[in-house]
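Listing of entry10.cif; format and content: mmCIF, C-alpha atoms.
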```cif
data_work
loop_
_atom_site.label_atom_id
_atom_site.label_comp_id
_atom_site.auth_asym_id
_atom_site.auth_seq_id
_atom_site.Cartn_x
_atom_site.Cartn_y
_atom_site.Cartn_z
CA MET A 287 0.00 0.00 0.00
CA SER A 288 3.03 2.25 -0.32
CA GLY A 289 2.57 5.71 -1.76
CA GLN A 290 -1.18 5.95 -1.11
CA GLU A 291 -3.63 6.44 1.76
CA ARG A 292 -3.59 3.46 4.07
CA LEU A 293 -6.75 1.37 4.06
CA PRO A 294 -8.39 0.39 7.35
CA THR A 295 -7.55 -3.22 8.16
CA VAL A 296 -9.79 -6.08 9.26
CA VAL A 297 -7.93 -8.99 10.83
CA ILE A 298 -9.37 -12.51 11.07
CA VAL A 299 -7.94 -14.37 14.04
CA GLY A 300 -8.66 -17.68 15.77
CA ARG A 301 -7.21 -21.04 16.67
CA PRO A 302 -6.39 -23.54 13.89
CA ASN A 303 -9.12 -25.08 11.73
CA VAL A 304 -12.03 -22.84 12.72
CA GLY A 305 -12.56 -21.66 9.12
CA LYS A 306 -10.46 -18.47 8.89
CA SER A 307 -9.25 -19.12 5.34
CA THR A 308 -12.75 -20.01 4.15
CA LEU A 309 -14.09 -16.76 5.65
CA PHE A 310 -11.18 -14.83 4.09
CA ASN A 311 -11.92 -16.26 0.63
CA CYS A 312 -15.66 -15.50 0.98
CA ILE A 313 -15.12 -11.86 1.96
CA SER A 314 -12.30 -11.16 -0.49
CA GLY A 315 -13.92 -12.99 -3.39
CA SER A 316 -10.65 -14.78 -4.16
CA ARG A 317 -8.87 -18.02 -3.41
CA ARG A 318 -5.73 -16.39 -2.01
CA ALA A 319 -5.68 -18.59 1.09
CA ILE A 320 -5.41 -22.37 0.93
CA VAL A 321 -8.44 -24.17 2.39
CA GLY A 322 -8.38 -27.75 3.64
CA ASN A 323 -9.18 -30.05 6.53
CA GLU A 324 -5.65 -30.16 7.93
CA PRO A 325 -5.22 -27.81 10.90
CA GLY A 326 -2.59 -25.09 10.57
CA ILE A 327 -2.52 -24.86 6.78
CA THR A 328 -2.21 -21.05 6.85
CA ARG A 329 1.05 -20.00 8.50
CA ASP A 330 1.80 -16.50 7.22
CA ARG A 331 -0.59 -13.58 7.28
CA ILE A 332 -2.33 -13.13 3.91
CA TYR A 333 -3.47 -9.74 2.61
CA GLN A 334 -6.24 -8.85 0.16
CA VAL A 335 -8.10 -5.62 -0.54
CA ALA A 336 -11.86 -6.13 -0.16
CA GLU A 337 -14.94 -3.91 -0.42
CA HIS A 338 -18.36 -3.85 1.23
CA ARG A 339 -21.04 -1.32 0.29
CA GLY A 340 -18.48 1.08 -1.15
CA ARG A 341 -16.13 0.82 1.83
CA ARG A 342 -12.72 -0.56 0.91
CA PHE A 343 -10.49 -2.22 3.48
CA GLU A 344 -7.50 -4.52 3.75
CA LEU A 345 -8.44 -8.01 4.89
CA ILE A 346 -5.81 -10.06 6.72
CA ASP A 347 -5.95 -13.80 7.38
CA THR A 348 -3.58 -14.78 10.17
CA GLY A 349 -2.18 -18.23 10.86
CA GLY A 350 -3.95 -20.47 13.34
CA ILE A 351 -2.73 -19.37 16.77
CA LEU A 352 -1.83 -21.68 19.66
CA PRO A 353 -0.66 -19.24 22.38
CA GLY A 354 0.80 -21.89 24.69
CA ASP A 355 2.65 -23.85 21.98
CA LYS A 356 6.41 -23.26 22.20
CA ALA A 357 7.24 -25.03 18.91
CA GLN A 358 9.05 -22.73 16.53
CA ILE A 359 6.47 -22.30 13.80
CA PRO A 360 3.48 -21.66 16.15
CA VAL A 361 5.58 -19.07 18.02
CA GLU A 362 6.35 -17.35 14.70
CA VAL A 363 2.66 -17.52 13.74
CA LEU A 364 1.76 -15.75 16.99
CA LYS A 365 4.43 -13.12 16.30
CA GLN A 366 3.06 -12.52 12.78
CA ALA A 367 -0.51 -12.30 14.10
CA ARG A 368 0.47 -9.72 16.74
CA VAL A 369 1.95 -7.46 14.04
CA ALA A 370 -1.35 -7.58 12.15
CA LEU A 371 -3.51 -7.16 15.26
CA GLU A 372 -1.67 -4.08 16.47
CA GLY A 373 -2.52 -2.27 13.23
CA ALA A 374 -6.11 -3.51 12.99
CA ALA A 375 -9.11 -1.20 12.69
CA HIS A 376 -11.41 -4.12 13.56
CA ILE A 377 -10.77 -7.72 14.62
CA VAL A 378 -12.94 -10.70 13.70
CA PHE A 379 -12.40 -13.36 16.38
CA LEU A 380 -13.55 -16.58 14.68
CA ILE A 381 -14.85 -19.42 16.84
CA ASP A 382 -16.05 -22.91 15.90
CA GLY A 383 -19.75 -22.90 16.80
CA ARG A 384 -19.95 -26.71 16.69
CA ALA A 385 -17.38 -27.13 19.46
CA GLU A 386 -17.21 -26.04 23.08
CA ILE A 387 -15.10 -23.05 24.07
CA THR A 388 -11.52 -24.26 24.47
CA ALA A 389 -8.65 -23.08 26.64
CA THR A 390 -7.00 -21.69 23.50
CA ASP A 391 -10.12 -19.65 22.72
CA ARG A 392 -9.99 -18.16 26.23
CA GLU A 393 -6.27 -17.39 25.94
CA LEU A 394 -6.85 -15.64 22.64
CA ALA A 395 -9.76 -13.68 24.11
CA GLN A 396 -7.47 -12.48 26.90
CA ILE A 397 -4.82 -11.36 24.36
CA LEU A 398 -7.43 -9.52 22.27
CA ARG A 399 -9.00 -7.73 25.25
CA LYS A 400 -5.61 -6.26 26.17
CA LEU A 401 -5.25 -4.72 22.70
CA GLY A 402 -8.19 -2.38 23.25
CA LYS A 403 -9.35 -2.81 19.62
CA PRO A 404 -12.93 -3.29 18.37
CA VAL A 405 -13.59 -7.05 18.35
CA VAL A 406 -16.54 -9.01 17.03
CA VAL A 407 -16.86 -12.69 17.91
CA ALA A 408 -17.97 -14.51 14.73
CA VAL A 409 -19.33 -17.93 15.66
CA ASN A 410 -18.71 -20.02 12.54
CA LYS A 411 -20.39 -23.16 11.19
CA ILE A 412 -23.83 -21.99 12.34
CA ASP A 413 -25.60 -23.14 9.18
CA VAL A 414 -29.08 -23.94 10.53
CA ALA A 415 -31.44 -21.78 12.57
CA ALA A 416 -31.50 -24.30 15.43
CA ARG A 417 -27.80 -23.66 16.05
CA GLU A 418 -28.09 -19.86 16.26
CA ILE A 419 -29.05 -20.09 19.93
CA LEU A 420 -25.65 -21.71 20.57
CA ALA A 421 -23.86 -18.51 19.45
CA HIS A 422 -25.03 -16.66 22.55
CA GLU A 423 -22.99 -18.98 24.78
CA PHE A 424 -19.85 -17.29 23.44
CA HIS A 425 -20.67 -14.02 25.26
CA THR A 426 -18.74 -15.60 28.15
CA LEU A 427 -15.52 -14.73 26.26
CA GLY A 428 -16.10 -11.13 27.36
CA PHE A 429 -17.00 -9.35 24.11
CA PRO A 430 -20.39 -7.64 23.65
CA ASP A 431 -20.63 -8.25 19.88
CA VAL A 432 -21.29 -11.92 19.00
CA MET A 433 -22.63 -12.87 15.57
CA PRO A 434 -23.49 -16.29 14.05
CA VAL A 435 -22.07 -16.99 10.57
CA SER A 436 -21.42 -19.84 8.18
CA ALA A 437 -18.43 -19.03 6.00
CA GLU A 438 -18.93 -22.18 3.93
CA HIS A 439 -22.55 -21.34 3.11
CA ARG A 440 -22.13 -17.53 3.15
CA LEU A 441 -24.72 -17.08 5.89
CA GLY A 442 -24.59 -14.01 8.14
CA LEU A 443 -21.71 -12.42 6.20
CA GLU A 444 -23.65 -9.30 5.16
CA GLU A 445 -24.60 -8.56 8.77
CA LEU A 446 -21.03 -9.24 9.93
CA LEU A 447 -19.51 -6.90 7.33
CA ASP A 448 -22.14 -4.20 8.01
CA HIS A 449 -21.03 -4.23 11.63
CA VAL A 450 -17.27 -4.41 10.97
CA THR A 451 -17.14 -1.66 8.31
CA ALA A 452 -19.71 0.71 9.87
CA ALA A 453 -17.02 3.21 10.93
CA PHE A 454 -14.95 2.96 7.73
CA PRO A 455 -15.14 5.94 5.34
CA ALA A 456 -16.69 5.30 1.94
CA GLY A 457 -14.08 5.24 -0.82
CA ALA A 458 -11.15 5.15 1.63
CA GLY A 459 -7.74 4.58 0.16
CA GLU A 460 -8.78 4.71 -3.51
CA GLU A 461 -5.84 3.57 -5.60
CA SER A 462 -4.53 5.88 -8.28
CA LYS A 463 -5.71 4.68 -11.69
CA THR A 464 -2.40 5.75 -13.19
CA THR A 465 -0.32 3.62 -10.83
CA ARG A 466 1.11 0.45 -12.41
CA SER A 467 2.96 -1.88 -10.14
CA ILE A 468 5.35 -4.64 -11.19
CA ARG A 469 4.21 -7.95 -9.74
CA VAL A 470 7.13 -10.25 -8.90
CA ALA A 471 6.70 -13.93 -7.94
CA ILE A 472 9.61 -15.23 -5.85
CA ILE A 473 9.84 -18.93 -6.74
CA GLY A 474 12.17 -21.80 -5.91
CA ARG A 475 12.71 -25.00 -3.98
CA PRO A 476 11.77 -25.11 -0.28
CA ASN A 477 14.27 -23.44 2.06
CA VAL A 478 16.34 -21.57 -0.52
CA GLY A 479 15.55 -18.31 1.30
CA LYS A 480 12.44 -16.95 -0.40
CA SER A 481 10.87 -15.58 2.78
CA THR A 482 14.21 -14.16 3.96
CA LEU A 483 14.54 -12.37 0.60
CA LEU A 484 11.00 -11.00 0.88
CA ASN A 485 11.87 -9.59 4.30
CA ALA A 486 15.11 -8.09 2.92
CA LEU A 487 13.34 -6.48 -0.04
CA THR A 488 10.54 -5.00 2.08
CA GLY A 489 12.67 -4.04 5.07
CA GLN A 490 10.41 -5.78 7.57
CA GLU A 491 9.68 -9.22 8.97
CA ARG A 492 6.73 -9.85 6.71
CA ALA A 493 7.04 -13.60 6.18
CA ILE A 494 7.82 -16.36 8.66
CA VAL A 495 11.46 -17.46 8.45
CA THR A 496 12.67 -20.67 10.12
CA PRO A 497 15.22 -23.37 9.27
CA VAL A 498 12.31 -25.77 8.68
CA ALA A 499 11.95 -26.54 4.95
CA GLY A 500 8.52 -25.66 3.55
CA THR A 501 7.54 -23.10 6.19
CA THR A 502 5.66 -20.97 3.65
CA ARG A 503 2.52 -22.62 2.32
CA ASP A 504 0.34 -19.71 1.20
CA ALA A 505 1.60 -16.96 -1.10
CA VAL A 506 2.47 -13.84 0.87
CA ASP A 507 2.78 -10.46 -0.80
CA GLU A 508 3.97 -6.96 0.00
CA ALA A 509 4.10 -3.71 -2.00
CA VAL A 510 7.32 -1.68 -1.93
CA SER A 511 8.12 1.61 -3.69
CA HIS A 512 11.67 2.01 -5.00
CA ASN A 513 12.84 4.95 -7.15
CA GLY A 514 9.25 5.85 -8.02
CA VAL A 515 8.23 2.33 -9.04
CA GLU A 516 5.94 0.08 -6.99
CA TYR A 517 6.90 -3.59 -6.78
CA VAL A 518 4.48 -6.19 -5.42
CA PHE A 519 6.51 -9.16 -4.22
CA VAL A 520 4.80 -12.53 -3.86
CA ASP A 521 6.61 -15.14 -1.74
CA THR A 522 5.20 -18.41 -3.08
CA ALA A 523 5.35 -21.71 -1.24
CA GLY A 524 8.43 -23.83 -1.96
CA ILE A 525 7.66 -26.10 -4.92
CA ARG A 526 8.36 -29.80 -4.55
CA ARG A 527 8.13 -32.48 -7.23
CA LYS A 528 4.58 -33.82 -7.58
CA GLY A 529 5.64 -37.25 -6.32
CA LYS A 530 6.95 -35.69 -3.14
CA THR A 531 3.81 -33.71 -2.36
CA ARG A 532 1.77 -36.26 -0.48
CA LEU A 533 0.04 -33.86 1.90
CA MET A 534 -2.99 -32.10 0.48
CA ALA A 535 -1.68 -28.68 1.60
CA GLU A 536 1.57 -29.17 -0.28
CA LYS A 537 -0.21 -30.30 -3.44
CA LEU A 538 -2.38 -27.20 -3.28
CA SER A 539 0.73 -25.08 -2.70
CA VAL A 540 2.20 -26.24 -6.03
CA VAL A 541 -1.05 -25.36 -7.80
CA MET A 542 -1.22 -21.96 -6.12
CA ALA A 543 2.47 -21.22 -6.78
CA ARG A 544 2.01 -21.95 -10.49
CA ARG A 545 -1.08 -19.72 -10.48
CA HIS A 546 0.91 -16.86 -8.96
CA ILE A 547 3.58 -17.34 -11.64
CA ARG A 548 0.85 -16.91 -14.27
CA MET A 549 -0.38 -13.75 -12.54
CA ALA A 550 3.13 -12.28 -12.12
CA ASP A 551 4.93 -9.86 -14.41
CA VAL A 552 8.39 -11.15 -13.47
CA ALA A 553 9.49 -14.46 -11.95
CA LEU A 554 12.46 -14.17 -9.58
CA ILE A 555 13.90 -17.70 -9.54
CA LEU A 556 15.87 -18.34 -6.37
CA LEU A 557 18.83 -20.74 -6.24
CA ASP A 558 20.89 -21.81 -3.22
CA ALA A 559 24.58 -21.00 -3.79
CA THR A 560 25.65 -23.55 -1.15
CA GLU A 561 23.93 -26.42 -3.01
CA GLY A 562 24.55 -25.41 -6.62
CA VAL A 563 22.02 -25.92 -9.40
CA VAL A 564 19.92 -29.09 -9.02
CA GLY A 565 17.38 -30.75 -11.31
CA LEU A 566 14.38 -29.35 -9.44
CA ASP A 567 15.67 -25.81 -10.02
CA ALA A 568 15.39 -26.39 -13.77
CA THR A 569 11.90 -27.87 -13.37
CA ILE A 570 10.67 -24.86 -11.40
CA SER A 571 12.32 -22.44 -13.83
CA GLY A 572 10.51 -24.23 -16.63
CA TYR A 573 7.16 -23.22 -15.10
CA ALA A 574 8.07 -19.53 -15.50
CA HIS A 575 9.48 -20.03 -19.00
CA GLU A 576 6.38 -21.95 -20.14
CA GLU A 577 4.16 -19.10 -18.93
CA GLY A 578 6.23 -16.58 -20.91
CA ARG A 579 7.16 -14.57 -17.83
CA ALA A 580 10.09 -12.17 -17.67
CA VAL A 581 12.77 -13.85 -15.53
CA LEU A 582 15.59 -12.94 -13.17
CA ILE A 583 17.74 -15.71 -11.67
CA GLY A 584 18.82 -14.92 -8.11
CA VAL A 585 21.66 -16.84 -6.46
CA ASN A 586 21.08 -16.57 -2.70
CA LYS A 587 23.47 -17.37 0.20
CA TRP A 588 26.44 -16.25 -1.90
CA ASP A 589 28.24 -15.19 1.29
CA ALA A 590 28.22 -18.84 2.48
CA ALA A 591 29.28 -20.49 -0.81
CA GLU A 592 32.64 -22.24 -0.91
CA GLY A 593 35.22 -21.03 -3.46
CA ARG A 594 32.97 -18.25 -4.69
CA ASN A 595 33.42 -17.83 -8.43
CA LYS A 596 30.63 -15.97 -10.21
CA PRO A 597 31.64 -16.84 -13.81
CA ALA A 598 31.89 -20.56 -12.92
CA PHE A 599 28.51 -20.56 -11.15
CA THR A 600 26.91 -18.64 -14.01
CA GLU A 601 28.24 -21.24 -16.45
CA GLN A 602 26.68 -23.97 -14.29
CA VAL A 603 23.35 -22.13 -14.42
CA ARG A 604 23.55 -21.82 -18.21
CA ASP A 605 24.41 -25.53 -18.58
CA GLN A 606 21.50 -26.68 -16.39
CA MET A 607 18.97 -24.13 -17.68
CA LYS A 608 19.78 -23.70 -21.35
CA PHE A 609 16.26 -22.45 -22.08
CA LEU A 610 16.89 -19.44 -19.77
CA ASP A 611 19.96 -18.15 -21.58
CA TYR A 612 18.25 -14.72 -21.74
CA ALA A 613 17.80 -14.38 -17.95
CA PRO A 614 20.26 -12.18 -15.99
CA VAL A 615 21.95 -13.84 -13.00
CA ALA A 616 22.32 -11.87 -9.75
CA PHE A 617 24.33 -12.90 -6.68
CA PHE A 618 23.40 -11.79 -3.16
CA SER A 619 22.78 -12.73 0.47
CA ALA A 620 19.20 -12.21 1.60
CA LYS A 621 20.29 -12.81 5.21
CA THR A 622 22.88 -9.99 5.28
CA GLY A 623 21.28 -7.81 2.59
CA ALA A 624 24.48 -7.71 0.52
CA GLY A 625 23.65 -7.43 -3.19
CA VAL A 626 19.87 -7.14 -2.59
CA PRO A 627 19.25 -3.45 -3.60
CA PRO A 628 20.39 -3.94 -7.24
CA LEU A 629 17.60 -6.51 -7.69
CA PHE A 630 15.04 -3.70 -8.05
CA GLY A 631 16.77 -2.31 -11.15
CA LEU A 632 17.24 -5.75 -12.69
CA LEU A 633 13.57 -6.64 -12.13
CA ARG A 634 12.47 -3.36 -13.67
CA ARG A 635 14.71 -3.90 -16.68
CA SER A 636 13.26 -7.40 -17.27
CA TRP A 637 9.72 -6.04 -16.95
CA GLU A 638 10.37 -3.15 -19.34
CA ALA A 639 11.92 -5.56 -21.85
CA ALA A 640 8.84 -7.80 -21.68
CA CYS A 641 6.61 -4.78 -22.41
CA ARG A 642 8.80 -3.25 -25.14
CA ARG A 643 7.22 -2.58 -28.53
CA ILE A 644 9.25 -2.03 -31.70
CA THR A 645 7.68 -0.33 -34.71
CA THR A 646 7.33 -2.27 -37.93
CA GLY A 647 9.57 0.27 -39.67
CA GLU A 648 12.38 -0.25 -37.15
CA LEU A 649 12.04 -4.03 -37.40
CA ASN A 650 12.30 -4.10 -41.17
CA ARG A 651 15.28 -1.73 -41.23
CA PHE A 652 16.86 -4.15 -38.73
CA LEU A 653 15.95 -7.10 -40.97
CA GLU A 654 17.78 -5.57 -43.94
CA LYS A 655 21.04 -5.53 -41.97
CA ILE A 656 21.16 -9.17 -40.83
CA GLU A 657 22.26 -12.15 -42.89
CA PHE A 658 20.96 -15.63 -42.18
CA ASP A 659 23.42 -18.53 -42.37
CA ARG A 660 20.94 -20.73 -44.18
CA ASP A 661 19.13 -20.05 -47.46
CA VAL A 662 16.27 -18.25 -45.72
CA ARG A 663 14.18 -15.52 -47.31
CA VAL A 664 12.45 -13.52 -44.59
CA ARG A 665 10.45 -10.89 -46.42
CA TYR A 666 8.80 -8.98 -43.60
CA ILE A 667 8.62 -8.85 -39.80
CA THR A 668 6.19 -7.22 -37.38
CA GLN A 669 5.53 -7.34 -33.64
CA ALA A 670 2.23 -8.95 -32.72
CA GLY A 671 2.29 -8.65 -28.92
CA VAL A 672 4.12 -8.11 -25.65
CA ARG A 673 4.63 -10.03 -22.38
CA PRO A 674 6.35 -11.89 -23.93
CA PRO A 675 7.41 -9.93 -27.04
CA THR A 676 5.92 -11.85 -29.97
CA PHE A 677 7.01 -11.38 -33.58
CA VAL A 678 5.54 -12.62 -36.84
CA VAL A 679 7.91 -13.23 -39.78
CA PHE A 680 6.65 -13.64 -43.32
CA THR A 681 8.65 -15.94 -45.59
CA ASP A 682 8.29 -17.62 -48.96
CA GLU A 683 8.70 -21.03 -47.28
CA LYS A 684 5.66 -23.18 -46.54
CA ARG A 685 7.12 -24.38 -43.26
CA PRO A 686 8.32 -22.63 -40.06
CA LEU A 687 11.83 -21.24 -39.82
CA HIS A 688 14.48 -23.84 -39.08
CA PHE A 689 15.19 -23.80 -35.33
CA SER A 690 18.74 -22.52 -35.95
CA SER A 691 17.46 -19.63 -38.08
CA GLU A 692 14.80 -18.82 -35.49
CA ARG A 693 17.39 -18.86 -32.70
CA PHE A 694 19.67 -16.60 -34.74
CA LEU A 695 16.80 -14.14 -35.31
CA VAL A 696 15.85 -14.15 -31.61
CA ASN A 697 19.44 -13.48 -30.56
CA GLN A 698 19.74 -10.62 -33.03
CA LEU A 699 16.44 -9.09 -31.83
CA ARG A 700 17.57 -9.41 -28.23
CA ARG A 701 20.91 -7.75 -28.92
CA GLN A 702 19.54 -4.95 -31.10
CA PHE A 703 16.53 -3.96 -28.97
CA ASP A 704 17.70 -4.92 -25.45
CA PHE A 705 15.24 -7.74 -24.77
CA ALA A 706 17.25 -8.98 -21.75
CA GLY A 707 15.31 -10.96 -19.17
CA THR A 708 12.33 -11.92 -21.29
CA PRO A 709 11.55 -14.83 -23.60
CA ILE A 710 10.86 -13.95 -27.25
CA VAL A 711 8.29 -15.77 -29.38
CA VAL A 712 8.65 -15.98 -33.16
CA LYS A 713 5.81 -17.16 -35.40
CA THR A 714 6.19 -17.85 -39.12
CA LYS A 715 3.63 -17.10 -41.82
CA VAL A 716 3.84 -17.71 -45.55
CA ARG A 717 3.68 -14.48 -47.48
CA GLU A 718 0.77 -14.55 -49.89
CA LYS A 719 1.75 -13.87 -53.49
CA ARG A 720 -0.05 -10.97 -55.09
CA ARG A 721 -2.36 -11.87 -57.96
CA ARG A 722 -1.33 -10.60 -61.34
CA ALA A 723 -3.32 -7.73 -62.78
CA GLY A 724 -6.21 -8.81 -64.91
CA ARG A 725 -6.58 -12.23 -63.25
#
```

Using the file provided, produce a representation of the structure as structure tokens.
Amino acid sequence: MSGQERLPTVVIVGRPNVGKSTLFNCISGSRRAIVGNEPGITRDRIYQVAEHRGRRFELIDTGGILPGDKAQIPVEVLKQARVALEGAAHIVFLIDGRAEITATDRELAQILRKLGKPVVVAVNKIDVAAREILAHEFHTLGFPDVMPVSAEHRLGLEELLDHVTAAFPAGAGEESKTTRSIRVAIIGRPNVGKSTLLNALTGQERAIVTPVAGTTRDAVDEAVSHNGVEYVFVDTAGIRRKGKTRLMAEKLSVVMARRHIRMADVALILLDATEGVVGLDATISGYAHEEGRAVLIGVNKWDAAEGRNKPAFTEQVRDQMKFLDYAPVAFFSAKTGAGVPPLFGLLRRSWEAACRRITTGELNRFLEKIEFDRDVRVRYITQAGVRPPTFVVFTDEKRPLHFSSERFLVNQLRRQFDFAGTPIVVKTKVREKRRRAGR
């Protein structure tokens, strides 16, 4: 939300598996949060701008909180939730209406009362009228506002949102229509440092960081302004091979990560310098290449790599990922911050290259100056689209350009017009011969 009026925030909080992510998806109208039957699926706090009766607000889904649990990830979840709660305009304390009040519910109620924020107790899974009477039992948690809802069946949501947004100004925080942000998906294997990099780029502890592989399951995003440009960074869950993703949450994470790649402008592919380039790195990179995204390859943990040699590591990257020969390679340490600031400029350059348009006149003047190795007669070239830059070449041949001729043309286009960091697509069409006069 950098560079614009801050929206009021509504934070959904509760113990694991009470339906927070389902409620979040219902209110936001998206599937940003992963929903499933396994407790604790959401670990980071997930943001989405939502609107109710002309009142816009930022909706935050926190991880399932277990205040007394000393295990590392639950402690980090509590820490993340506190950051969100302290900035909340209104808190929705979600309770499972089909279960009795638990000790965790009471601990959370105590934490929320100390904050002094407006709190509404939303008693979830009240999907039949006979159960509405049960909602009143939750007044014992000490909050005057208790409302029955069913997130799954969308019951009681209008009344809940009327109550929560009553004090919000209409049209608050309208985004500038002229603002265009660059959306960057941070992708890579589990535990290569994606969340640490997100924190380094945003200058705050936005995502949970632990030594446990696969800590991030949902995609977490944050907007940052740098030199007048807004970047929206998305920290996607670590992608494992399909055969390794036995748990339902992890399978969904792969699906969601690939979806965020499709929605991104630039894919920042993260490698671990201490482990080198492995087969899964190439597989993950292939997802971004297949979607035609602009790409930047980031080599993290460079400060901890043995015998640091950038040219040798870059050669290893090129050998393992031949299809990404156009992607710049950047070396840095997300943990120390060394080498992180230049990433903004590299990401912007890749994005601008992906959006670059060349006039037909420029392209054909360029075409006159190049000589193909093979007996190829390219008569005409024009640009058909961007993101990725797509060119149509007209030839006298009735078949596509030979792959070597196409590769030569792509390399020449890249060099002449600075298409670094983006794939280029070339399509061939047979030039129609003009009919002779009088026929």

Give me, please, the distance in Å between atom CA of Ala550 of chain A and atom CA of Ile667 of chain A, quoted to one decimal. 28.4 Å

Got a sec to check which residues sit within 12 Å of (-17.1, -5.2, -3.1), counting only C-alpha atoms, and write them as an MDAnalysis selection string? chainID A and resid 312:316 334:344 444 447 451 456:457

Find the residues around Gln669 of chain A up to 12 Å (only C-alpha atoms counted), leave out those fewer than 3 positions away in its own chain, and share them as a PyMOL selection string. chain A and resi 641-650+666+672-680+699+710-714

Given only C-alpha atoms as the basis, pick out the residue of A:Phe630, A:Phe689, A:Phe658, A:Trp637 nearest to Gly514 of chain A.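 Answer, going by the shortest atom-to-atom distance: A:Phe630.
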
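Reported to one decimal place, the separation of atom CA of Ala471 of chain A from atom CA of Ala574 of chain A is 9.5 Å.
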
Please, what distance in Å, to one decimal, runs between atom CA of Leu687 of chain A and atom CA of Gly671 of chain A?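 Pair atom CA of Leu687 of chain A / atom CA of Gly671 of chain A returns 19.2 Å.
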
May I ask which of the residues A:His688, A:Arg469, A:Arg544, A:His512 is the closest one to Gly631 of chain A, counting only C-alpha atoms?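 Between A:His688, A:Arg469, A:Arg544, A:His512, the residue approaching Gly631 of chain A most closely is A:His512.
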
Could you name the residues that touch Gly402 of chain A at 12 Å or less, counting all atoms listed in the file, but leaving out those on the same chain fewer than 2 positions away, as a PyMOL selection string? chain A and resi 371-377+395-400+404-405+429

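The residues caught by the PyMOL selection byres ((chain A and resi 620-626) around 6) in this file are Thr482, Leu483, Ala486, Phe618, Ser619, Pro627, Pro628 and Leu629 of chain A.
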
I need the residues from that last selection saved to file as a tab-separated table (two decimals), keeping the file's coordinate frame (with C-alpha atoms), if you can.
```
chain	number	residue	atom	x	y	z
A	482	THR	CA	14.21	-14.16	3.96
A	483	LEU	CA	14.54	-12.37	0.60
A	486	ALA	CA	15.11	-8.09	2.92
A	618	PHE	CA	23.40	-11.79	-3.16
A	619	SER	CA	22.78	-12.73	0.47
A	627	PRO	CA	19.25	-3.45	-3.60
A	628	PRO	CA	20.39	-3.94	-7.24
A	629	LEU	CA	17.60	-6.51	-7.69
```

Would you list the residues near (28.9, -16.3, -2.2), meaning any protein, DNA or RNA residue with an atom at most 10 Å from that point in file coordinates, counting only C-alpha atoms, as a PyMOL selection string? chain A and resi 558-560+585-596+599+617-619

Selected residues written out, C-alpha atoms, as a CSV table (one decimal), in the coordinates of the input:
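For reference, selection_11.csv as written:
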```
chain,number,residue,atom,x,y,z
A,558,ASP,CA,20.9,-21.8,-3.2
A,559,ALA,CA,24.6,-21.0,-3.8
A,560,THR,CA,25.6,-23.6,-1.2
A,585,VAL,CA,21.7,-16.8,-6.5
A,586,ASN,CA,21.1,-16.6,-2.7
A,587,LYS,CA,23.5,-17.4,0.2
A,588,TRP,CA,26.4,-16.2,-1.9
A,589,ASP,CA,28.2,-15.2,1.3
A,590,ALA,CA,28.2,-18.8,2.5
A,591,ALA,CA,29.3,-20.5,-0.8
A,592,GLU,CA,32.6,-22.2,-0.9
A,593,GLY,CA,35.2,-21.0,-3.5
A,594,ARG,CA,33.0,-18.2,-4.7
A,595,ASN,CA,33.4,-17.8,-8.4
A,596,LYS,CA,30.6,-16.0,-10.2
A,599,PHE,CA,28.5,-20.6,-11.2
A,617,PHE,CA,24.3,-12.9,-6.7
A,618,PHE,CA,23.4,-11.8,-3.2
A,619,SER,CA,22.8,-12.7,0.5
```

Identify which of the residues A:Leu653, A:Val603, A:Ile472, A:Val615 lies closest to Val563 of chain A, counting only C-alpha atoms when measuring atom-to-atom distances. A:Val603

Written as a ChimeraX atom specification, which residues does the PyMOL selection byres ((chain A and resi 569-573) around 10) give for the file shown? /A:473-475,524-527,543-544,547-548,553-556,564-568,574-579,581,583,607,609-610

Select, from A:Glu386, A:Glu654, A:Glu638, A:Glu601, the residue with the minimum atom-to-atom distance to Glu423 of chain A, counting all atoms listed in the file. A:Glu386

Write segment 634-640 of chain A as a CSV table (one decimal), in the frame of the given file, completed to N, CA and C atoms.
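Below is the file part.csv, written as the result:
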```csv
chain,number,residue,atom,x,y,z
A,634,ARG,N,13.1,-4.4,-12.8
A,634,ARG,CA,12.5,-3.4,-13.7
A,634,ARG,C,12.9,-3.5,-15.1
A,635,ARG,N,14.2,-3.8,-15.3
A,635,ARG,CA,14.7,-3.9,-16.7
A,635,ARG,C,14.0,-5.1,-17.4
A,636,SER,N,13.9,-6.2,-16.7
A,636,SER,CA,13.3,-7.4,-17.3
A,636,SER,C,11.8,-7.1,-17.6
A,637,TRP,N,11.1,-6.4,-16.7
A,637,TRP,CA,9.7,-6.0,-17.0
A,637,TRP,C,9.6,-5.1,-18.1
A,638,GLU,N,10.4,-4.1,-18.2
A,638,GLU,CA,10.4,-3.2,-19.3
A,638,GLU,C,10.7,-3.8,-20.7
A,639,ALA,N,11.6,-4.8,-20.6
A,639,ALA,CA,11.9,-5.6,-21.8
A,639,ALA,C,10.7,-6.4,-22.3
A,640,ALA,N,10.0,-7.0,-21.3
A,640,ALA,CA,8.8,-7.8,-21.7
A,640,ALA,C,7.7,-7.0,-22.3
```
